[in-house]
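In what follows, a structure is listed as structure tokens, so that the remarks can point back to it.
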Amino acid sequence: MPKSENHTELLLLPDGRILAHNLTPAAAALLHHLDPGDRSMLLRAVVKRSRARKSRAKPQTLRTPHKP
Amino acid sequence: MTCLGQVACKPCVEDRAVTARERARTARGLLANCHFCAHHCGVDRLAGERGLCHAGAESRWFSVQVEVADELEIIPTFAIALGGCDLRCDFCITGASSWNAAAGDRFDVRAVAARAKQALAAGARTVMLMGGEPTIHLPTALELVAELPASARLVWKTNAHGSAQARELLGGMFDVWVADYKFGNDACAERLAHISDYVRTVQENLLWADRQGELIVRHLLMPGHIDCCWKPIAAWLAAVLPHVKLSLRPGFWPAWRADRHPELCRTPHAEDSAQASRLAQDLSLRLID
């Protein structure tokens, strides 16, 4: 089925781990808040923020994030 | 197979959009005798015939969005997932869409290109074409490239099961190739993905992609397949492509029809991932996050 909105799938494991598929920036930010010590998620949440800052520095290119 | 003649490598493709448009027309004609993947079905997709991938002349998408799950150097990426695939991996995490080329929405090249440009302007670093498998949709993929700005950094995410014909059409079109090397031997490929001559085909594609430009080899760690799959892959990379970037993916989950294979009914143990990483480090492979 085509996804009409941004979409991330999560698999919650009994040992507490969370696996993510199709990780969107919003989902990365959420998962980073749940486990700030997860290095992989930290890097993905940070890259999202740094890119957003770069966009803000160039207002002529600023766009509202697209929702498919 | 139709001979396309010599196709320029990336440094010679001065105007990517123009070249992509020309090749897209060629590729669409080649659907009449499809040899885009290594199955070489030779079916006439324009006339409604279907090969092993079941794809027709029309492409469809099942996911188009900005994602950050991929390698750090390419995220955030505007990821475009096309339906249909020429492999049949029982553990495919998008099996319902990847095994069904009729799934999803009709691919409107200009509409998707507009969304890609919007995402780039909003901070996406790359545009990534993936699937399923994008190789079986070469005409559409090239039409999309023709609509994107020359400055856009384009990623081709592939199963590395393309044909020589596909490679000729793709030469110089994408900045980064992210190529899966899933199975370390043909027996596992046959059993888990129902595919023959896998290792030779993938290695041929990887060697070509390495000459094209930036190549990231990706390996999904499968539980119970460290010795039979990961170790031979690691050894080959160390011997033949020691300079390429390697992305070890530890996030296997037992999706789709993985339960047909007892060893795939679980996620990898932490020790599996640690062992795999140690081997990569011992062989001085270029691991990336």
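Every chain in the structure tokens has a letter given in the order shown (A, B, ...), and although residue numbers restart at 1 in each chain, ligands are simply numbered from 1 in the order shown.
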
Q. DSSP on the backbone: what in stretch 43-246 of chain B comes out helix (DSSP H, G or I), as a VMD selection string?
A. chain B and resid 45 to 47 72 to 74 95 to 98 109 to 121 134 to 147 164 to 170 186 to 193 198 to 212 226 to 240

Q: Kindly provide, as a ChimeraX atom specification, the residues of chain B having any atom no farther than 8 Å from an atom of chain A, counting only C-alpha atoms.
A: /B:61-69,72,75-76,97,103-105,115,118-119,121-124,251,253,289

Q | Expected answer as a ChimeraX atom specification: strand (DSSP E or B) residues in stretch 84-272 of chain B | A | /B:105-106,126-130,154-158,162,176-180,214-220,245-249

Q: Tell me, in Å to one decimal, how far atom CA of B:Ile136 is from atom CA of B:Ser247.
A: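 These two atoms are separated by 24.0 Å.
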
Q) For the atom pair atom CA of B:Asp108 and atom CA of B:Thr140, what is the interatomic distance in Å to one decimal place? A)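 These atoms are spaced 9.1 Å apart.
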
Q: Rounded to one decimal place, report the atom CA of B:Ala47-atom CA of B:Cys34 distance in Å.
A: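 Separation of atom CA of B:Ala47 and atom CA of B:Cys34: 11.3 Å.
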
(Q) Report as an MDAnalysis selection string all protein, DNA and RNA residues lying within 10 Å of B:Leu138, evaluated on only C-alpha atoms, omitting residues in the same chain fewer than 4 positions from it. (A) chainID B and resid 23:24 26:28 30:31 36 59 133:134 142:144 166 169:170

(Q) At a cut-off of 8 Å, using only C-alpha atoms, what residues contact B:Phe183? Leave out same-chain residues fewer than 6 positions from it and give the result as number ranges by chain. (A) B: 189, 198-199, 229-230, 233

Output N, CA and C atoms of each residue in that selection to a file, as a tab-separated table (two decimals), in the first residue's frame.
```tsv
chain	number	residue	atom	x	y	z
B	189	ALA	N	22.18	-18.02	-1.31
B	189	ALA	CA	21.39	-17.17	-2.21
B	189	ALA	C	20.25	-17.96	-2.84
B	198	TYR	N	24.63	-16.07	-7.96
B	198	TYR	CA	24.56	-14.80	-7.25
B	198	TYR	C	25.93	-14.15	-7.05
B	199	VAL	N	26.86	-14.91	-6.52
B	199	VAL	CA	28.15	-14.32	-6.12
B	199	VAL	C	28.87	-13.72	-7.31
B	229	CYS	N	28.14	-16.50	5.19
B	229	CYS	CA	27.90	-15.33	4.33
B	229	CYS	C	28.83	-14.17	4.64
B	230	TRP	N	28.86	-13.73	5.88
B	230	TRP	CA	29.66	-12.54	6.15
B	230	TRP	C	31.16	-12.80	5.98
B	233	ILE	N	32.33	-12.78	2.35
B	233	ILE	CA	32.19	-11.43	1.80
B	233	ILE	C	33.32	-10.55	2.31
```

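Closest to B:Ala274 among B:Gln203, B:Leu220, B:Pro250, B:Pro139 is B:Pro250, based on only C-alpha atoms.
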